Amino acid sequence: MTTEWRWLERFRLQLELCGLGPTETCVVLSESASRSSIVETALLAAQSLGAATLQVVMPTPANTGPVALRSTGTSLALRGNPAALAALKEADFVVDCTAEGLLHSRELGAILGAGTRVLMISNEHPENFERLPHDPDMAARVARGHEMISAADTMRVTSEAGTDLTVRLAGSFTAGSTGVTSGPGSIAHWPGGLVLAFPAPGTVSGTIVLAPGDINLTFKKYVSSPIRMTVVDDFVTDISGDGYEADQLADYMAAFGGKDAYASSHIGWGMNPAARWDYLDLYDRSQINGTEARAFEGNFMYSTGANETAQRFSPCHFDLPMRRCTVELDGVAVVREGRLQGELARRPAGDA
């Protein structure tokens with residue numbers, strides 16, 4: 001698939017919002033498994049802005065098993081390669097087009113520490129970006145949500161389906177994803193619209209119940225029958241349910257043979273009003289990476305696997321966006337039954 005003007009125009013705008021211009025050096029980072037239309041569009045968009053643009057293309061590492069990997073939560077392509085890292089650290093701006101993204105990678109700290117800005121472009125069909133335009137109001141609300149989670153001591157999540165999870169937020173790393181970088185050494189994920197925390201070790205306990213219509217983004221499908229997960233001191237200790245999906249989830253995690261496969265990763269909620277939970281069946285699985293499902297407004301997302309705050313880097317990774325949950329920070333609801341509350345809710349049209 002080659003690029004099209006409507007994609008190029010949208011990518012150019014996003015790079016402009018991140019401040020990319022003719023005085024800067026830009027590296028488009030990809031790997032052999034990257035979506036070619038995304039890489040081509042990003043490269044042309046950066047060049048159209050006058051940036052001194054070059055490509056770094058890494059070979060995608062072999063999958064040595066034991067299972068198929070379609071969501072590791074982080075790109076493994078850099079593998080500490082000193083030449084590639086040198087190029088990324090010397091650049092003003094990196095467009096990350098790797099299949100999984102650099103967010104949880106071991107190399108990210110060194111890249112950001114050099115002052116490089118990084119825009120991760122999710123491995124989606126390019127049409128996904130057409131439907132999710134930049135929304136300044138969402139960006140402002142995400143920033144406020146990030147302030148709120150950063151100031152809170154405790155997050156509690158409940159649902160009528162049976163979820164009751166408590167997260168102690170002291171020591172966690174928090175972030176708000178708007179899709180736009182915020183200065184030297186910053187990273188953004190496009191599409192944006194998430195507020196999340198990477199909890200410190202031993203701070204997550206309770207019960208997660210995935211209800212019908214919730215989403216398993218590793219398997220890229222909707223849950224059809226309830227799955228119950230018990231979480232004790234960060235780790236999933238039991239998975240049960242009436243349907244085959246509970247067994248599928250449990251067997252996949254067990255295949256990795258290590259405790260970290262069951263660990264909590266990041267936890268937060270979605271705030272993008274243009275993102276939809278119901279889009280998944282409209283694309284082939286090979287055409288999506290699920291970022292829209294992670295960001296749809298009012299979802300609560302529980303994730304397992306990589307969490308650099310807790311020094312865990314397991315390749316077993318699940319993002320599980322859930323509908324109709326209530327999320328409280330220090331007893332105050334920021335999401336109630338899947339709807340944003342208070343300052344985080346969208347203002348009615350025409351409000352100043």
# chains A, B, ... in the order shown; residues from 1 in each chain; ligands from 1
$ residues_around --residues "segment 155-161 of chain A" --least-positions-apart "5" --cutoff "8 Å" --atoms "only C-alpha atoms" --output "PyMOL selection string"
chain A and resi 166-169+209-211+324-331+337
$ residues_around --residues "segment 254-271 of chain A" --least-positions-apart "3" --cutoff "6 Å" --atoms "only C-alpha atoms" --output "ChimeraX atom specification"
/A:193-198,234-236,251,295-307,314,316
$ write_last_selection --atoms "N, CA, C and O atoms" --output "CSV table (one decimal), in the first residue's frame"
chain,number,residue,atom,x,y,z
A,193,GLY,N,-5.3,10.5,23.9
A,193,GLY,CA,-6.5,10.6,24.6
A,193,GLY,C,-6.5,9.6,25.8
A,193,GLY,O,-7.6,9.0,26.1
A,194,LEU,N,-5.4,9.5,26.5
A,194,LEU,CA,-5.3,8.6,27.6
A,194,LEU,C,-4.7,9.3,28.8
A,194,LEU,O,-3.8,10.1,28.7
A,195,VAL,N,-5.2,8.9,30.0
A,195,VAL,CA,-4.6,9.3,31.3
A,195,VAL,C,-4.2,8.0,32.0
A,195,VAL,O,-5.1,7.2,32.1
A,196,LEU,N,-3.0,7.9,32.4
A,196,LEU,CA,-2.6,6.6,33.0
A,196,LEU,C,-1.5,6.7,34.0
A,196,LEU,O,-0.8,7.7,34.1
A,197,ALA,N,-1.4,5.6,34.7
A,197,ALA,CA,-0.3,5.5,35.7
A,197,ALA,C,0.4,4.1,35.6
A,197,ALA,O,-0.3,3.1,35.3
A,198,PHE,N,1.7,4.1,35.7
A,198,PHE,CA,2.5,2.9,35.8
A,198,PHE,C,2.8,2.7,37.3
A,198,PHE,O,3.7,3.4,37.8
A,234,ASP,N,-0.1,-6.7,42.7
A,234,ASP,CA,0.3,-6.5,41.3
A,234,ASP,C,0.0,-7.6,40.4
A,234,ASP,O,-0.1,-7.4,39.2
A,235,PHE,N,0.0,-8.9,40.9
A,235,PHE,CA,0.1,-10.0,40.1
A,235,PHE,C,-1.3,-10.7,40.0
A,235,PHE,O,-2.0,-10.9,41.0
A,236,VAL,N,-1.7,-11.1,38.8
A,236,VAL,CA,-2.9,-11.9,38.6
A,236,VAL,C,-2.6,-13.3,39.1
A,236,VAL,O,-1.7,-14.0,38.6
A,251,ASP,N,-4.2,-19.8,29.5
A,251,ASP,CA,-3.2,-20.6,28.9
A,251,ASP,C,-2.1,-19.8,28.2
A,251,ASP,O,-0.9,-20.2,28.1
A,295,ALA,N,-8.3,4.4,23.8
A,295,ALA,CA,-8.5,5.9,24.1
A,295,ALA,C,-9.9,6.3,24.1
A,295,ALA,O,-10.2,7.4,24.4
A,296,PHE,N,-10.9,5.4,23.8
A,296,PHE,CA,-12.3,5.8,23.7
A,296,PHE,C,-12.8,6.4,25.0
A,296,PHE,O,-12.4,5.9,26.1
A,297,GLU,N,-13.6,7.5,24.9
A,297,GLU,CA,-13.9,8.2,26.1
A,297,GLU,C,-14.7,7.4,27.1
A,297,GLU,O,-15.6,6.8,26.8
A,298,GLY,N,-14.2,7.5,28.4
A,298,GLY,CA,-14.8,6.8,29.5
A,298,GLY,C,-14.4,5.4,29.8
A,298,GLY,O,-14.9,4.8,30.8
A,299,ASN,N,-13.6,4.8,28.9
A,299,ASN,CA,-13.2,3.4,29.2
A,299,ASN,C,-12.2,3.4,30.4
A,299,ASN,O,-11.4,4.4,30.6
A,300,PHE,N,-12.2,2.3,31.2
A,300,PHE,CA,-11.1,2.0,32.1
A,300,PHE,C,-10.3,1.0,31.5
A,300,PHE,O,-10.8,-0.1,31.0
A,301,MET,N,-8.9,1.2,31.5
A,301,MET,CA,-8.0,0.1,30.9
A,301,MET,C,-7.1,-0.4,32.0
A,301,MET,O,-6.4,0.3,32.6
A,302,TYR,N,-7.2,-1.7,32.1
A,302,TYR,CA,-6.2,-2.5,32.9
A,302,TYR,C,-5.3,-3.2,32.0
A,302,TYR,O,-5.7,-3.9,31.0
A,303,SER,N,-4.0,-3.1,32.3
A,303,SER,CA,-3.0,-3.7,31.4
A,303,SER,C,-2.0,-4.6,32.2
A,303,SER,O,-1.8,-4.3,33.4
A,304,THR,N,-1.6,-5.7,31.6
A,304,THR,CA,-0.6,-6.5,32.2
A,304,THR,C,0.7,-6.5,31.4
A,304,THR,O,0.7,-6.3,30.2
A,305,GLY,N,1.8,-6.8,32.1
A,305,GLY,CA,3.1,-7.0,31.3
A,305,GLY,C,4.1,-5.9,31.7
A,305,GLY,O,4.3,-5.6,32.9
A,306,ALA,N,4.7,-5.3,30.7
A,306,ALA,CA,5.8,-4.4,30.9
A,306,ALA,C,5.4,-3.2,31.8
A,306,ALA,O,4.4,-2.5,31.5
A,307,ASN,N,6.3,-2.9,32.7
A,307,ASN,CA,6.1,-1.7,33.6
A,307,ASN,C,7.5,-1.3,34.1
A,307,ASN,O,8.0,-1.9,35.1
A,314,SER,N,8.3,-8.0,30.7
A,314,SER,CA,7.8,-9.2,30.1
A,314,SER,C,7.2,-9.0,28.7
A,314,SER,O,6.5,-8.0,28.5
A,316,CYS,N,4.9,-10.7,27.5
A,316,CYS,CA,3.5,-11.0,27.6
A,316,CYS,C,2.7,-9.7,28.0
A,316,CYS,O,2.9,-9.2,29.1
$ closest_residue --among "A:Gly183, A:Trp190, A:Thr237, A:Asp137" --to "Thr207 of chain A" --atoms "only C-alpha atoms"
A:Thr237
$ select_by_dssp --residues "segment 137-333 of chain A" --states "strand (DSSP E)" --output "VMD selection string"
chain A and resid 154 to 159 164 to 168 173 to 177 187 to 190 194 to 198 204 to 210 215 to 216 221 to 222 227 to 232 235 to 241 264 to 270 300 to 304 318 to 322 325 to 329 332 to 333
$ residues_around --residues "Lys221 of chain A" --least-positions-apart "3" --cutoff "10 Å" --atoms "only C-alpha atoms" --output "count of residues only"
11
$ residues_around --residues "Thr309 of chain A" --least-positions-apart "6" --cutoff "7 Å" --atoms "only C-alpha atoms" --output "PyMOL selection string"
chain A and resi 172-173+198-200
$ closest_residue --among "A:Ala110, A:Leu13, A:Ala175, A:Val56" --to "Val27 of chain A" --atoms "only C-alpha atoms"
A:Val56
$ select_by_dssp --residues "segment 88-284 of chain A" --states "helix (DSSP H, G or I)" --output "count of residues only"
51
$ closest_residue --among "A:Ile239, A:Leu320, A:Phe313, A:Pro191" --to "Asp135 of chain A" --atoms "only C-alpha atoms"
A:Pro191
$ closest_residue --among "A:Pro66, A:Gly338, A:Gly162, A:Gly21" --to "Gln47 of chain A" --atoms "only C-alpha atoms"
A:Gly21
$ residues_around --residues "segment 115-130 of chain A" --least-positions-apart "2" --cutoff "9 Å" --atoms "only C-alpha atoms" --output "ChimeraX atom specification"
/A:3,6-7,10-11,15,18,34-35,37-38,41-42,88-103,111-113,132-133,179-191,283,286-292
$ atom_distance --atom1 "atom CA of Arg339 of chain A" --atom2 "atom CA of Gly202 of chain A"
28.9 Å
$ atom_distance --atom1 "atom CA of Thr163 of chain A" --atom2 "atom CA of Val223 of chain A"
14.9 Å
$ atom_distance --atom1 "atom CA of Glu343 of chain A" --atom2 "atom CA of Ile208 of chain A"
26.7 Å
$ closest_residue --among "A:Arg131, A:Ala170, A:Gln14, A:Glu40" --to "Ile149 of chain A" --atoms "only C-alpha atoms"
A:Ala170
$ decode --residues "segment 224-284 of chain A" --atoms "C-alpha atoms" --output "PDB file, in the first residue's frame"
ATOM      1  CA  SER A 224     -18.266 -12.561  24.887  1.00  0.00           C
ATOM      2  CA  SER A 225     -18.606 -14.047  28.394  1.00  0.00           C
ATOM      3  CA  PRO A 226     -17.345 -12.747  31.767  1.00  0.00           C
ATOM      4  CA  ILE A 227     -13.718 -13.309  32.762  1.00  0.00           C
ATOM      5  CA  ARG A 228     -12.741 -12.857  36.406  1.00  0.00           C
ATOM      6  CA  MET A 229      -9.143 -11.991  37.339  1.00  0.00           C
ATOM      7  CA  THR A 230      -7.879 -11.838  40.918  1.00  0.00           C
ATOM      8  CA  VAL A 231      -4.974  -9.414  41.455  1.00  0.00           C
ATOM      9  CA  VAL A 232      -2.785  -9.616  44.588  1.00  0.00           C
ATOM     10  CA  ASP A 233       0.145  -7.226  45.096  1.00  0.00           C
ATOM     11  CA  ASP A 234       0.306  -6.461  41.339  1.00  0.00           C
ATOM     12  CA  PHE A 235       0.053 -10.028  40.074  1.00  0.00           C
ATOM     13  CA  VAL A 236      -2.888 -11.881  38.554  1.00  0.00           C
ATOM     14  CA  THR A 237      -3.196 -14.964  40.753  1.00  0.00           C
ATOM     15  CA  ASP A 238      -6.363 -16.515  39.317  1.00  0.00           C
ATOM     16  CA  ILE A 239      -8.322 -16.371  36.046  1.00  0.00           C
ATOM     17  CA  SER A 240     -11.764 -17.935  35.800  1.00  0.00           C
ATOM     18  CA  GLY A 241     -14.945 -17.776  33.731  1.00  0.00           C
ATOM     19  CA  ASP A 242     -17.645 -19.850  32.113  1.00  0.00           C
ATOM     20  CA  GLY A 243     -16.488 -19.538  28.503  1.00  0.00           C
ATOM     21  CA  TYR A 244     -13.403 -20.643  26.579  1.00  0.00           C
ATOM     22  CA  GLU A 245     -11.986 -17.098  26.634  1.00  0.00           C
ATOM     23  CA  ALA A 246     -10.938 -17.383  30.286  1.00  0.00           C
ATOM     24  CA  ASP A 247      -9.022 -20.579  29.481  1.00  0.00           C
ATOM     25  CA  GLN A 248      -7.496 -18.936  26.399  1.00  0.00           C
ATOM     26  CA  LEU A 249      -6.262 -15.972  28.425  1.00  0.00           C
ATOM     27  CA  ALA A 250      -4.925 -18.176  31.231  1.00  0.00           C
ATOM     28  CA  ASP A 251      -3.163 -20.615  28.881  1.00  0.00           C
ATOM     29  CA  TYR A 252      -1.537 -17.823  26.881  1.00  0.00           C
ATOM     30  CA  MET A 253      -0.132 -16.173  30.013  1.00  0.00           C
ATOM     31  CA  ALA A 254       1.064 -19.501  31.388  1.00  0.00           C
ATOM     32  CA  ALA A 255       3.001 -20.232  28.183  1.00  0.00           C
ATOM     33  CA  PHE A 256       5.569 -17.556  29.073  1.00  0.00           C
ATOM     34  CA  GLY A 257       6.631 -19.508  32.131  1.00  0.00           C
ATOM     35  CA  GLY A 258       7.365 -16.568  34.413  1.00  0.00           C
ATOM     36  CA  LYS A 259       5.699 -14.546  37.141  1.00  0.00           C
ATOM     37  CA  ASP A 260       6.094 -11.224  35.324  1.00  0.00           C
ATOM     38  CA  ALA A 261       3.670 -12.382  32.623  1.00  0.00           C
ATOM     39  CA  TYR A 262       0.926 -11.931  35.260  1.00  0.00           C
ATOM     40  CA  ALA A 263       2.058  -8.506  36.493  1.00  0.00           C
ATOM     41  CA  SER A 264       0.101  -5.256  36.337  1.00  0.00           C
ATOM     42  CA  SER A 265       1.408  -2.791  33.769  1.00  0.00           C
ATOM     43  CA  HIS A 266      -0.401   0.542  33.302  1.00  0.00           C
ATOM     44  CA  ILE A 267      -3.837   1.550  34.538  1.00  0.00           C
ATOM     45  CA  GLY A 268      -5.957   4.506  33.479  1.00  0.00           C
ATOM     46  CA  TRP A 269      -8.898   5.823  31.484  1.00  0.00           C
ATOM     47  CA  GLY A 270      -9.692   7.063  27.959  1.00  0.00           C
ATOM     48  CA  MET A 271     -10.689  10.626  27.027  1.00  0.00           C
ATOM     49  CA  ASN A 272     -10.860  10.811  23.234  1.00  0.00           C
ATOM     50  CA  PRO A 273     -14.436  11.649  22.157  1.00  0.00           C
ATOM     51  CA  ALA A 274     -13.709  10.787  18.512  1.00  0.00           C
ATOM     52  CA  ALA A 275     -12.496   7.275  19.362  1.00  0.00           C
ATOM     53  CA  ARG A 276     -15.099   4.501  19.331  1.00  0.00           C
ATOM     54  CA  TRP A 277     -15.318   1.199  21.178  1.00  0.00           C
ATOM     55  CA  ASP A 278     -17.466  -0.391  18.455  1.00  0.00           C
ATOM     56  CA  TYR A 279     -15.065  -0.140  15.496  1.00  0.00           C
ATOM     57  CA  LEU A 280     -13.131  -3.366  15.972  1.00  0.00           C
ATOM     58  CA  ASP A 281     -15.250  -5.626  13.764  1.00  0.00           C
ATOM     59  CA  LEU A 282     -14.999  -3.183  10.844  1.00  0.00           C
ATOM     60  CA  TYR A 283     -11.314  -3.866  10.185  1.00  0.00           C
ATOM     61  CA  ASP A 284      -9.285  -6.970   9.549  1.00  0.00           C
TER      62      ASP A 284
END
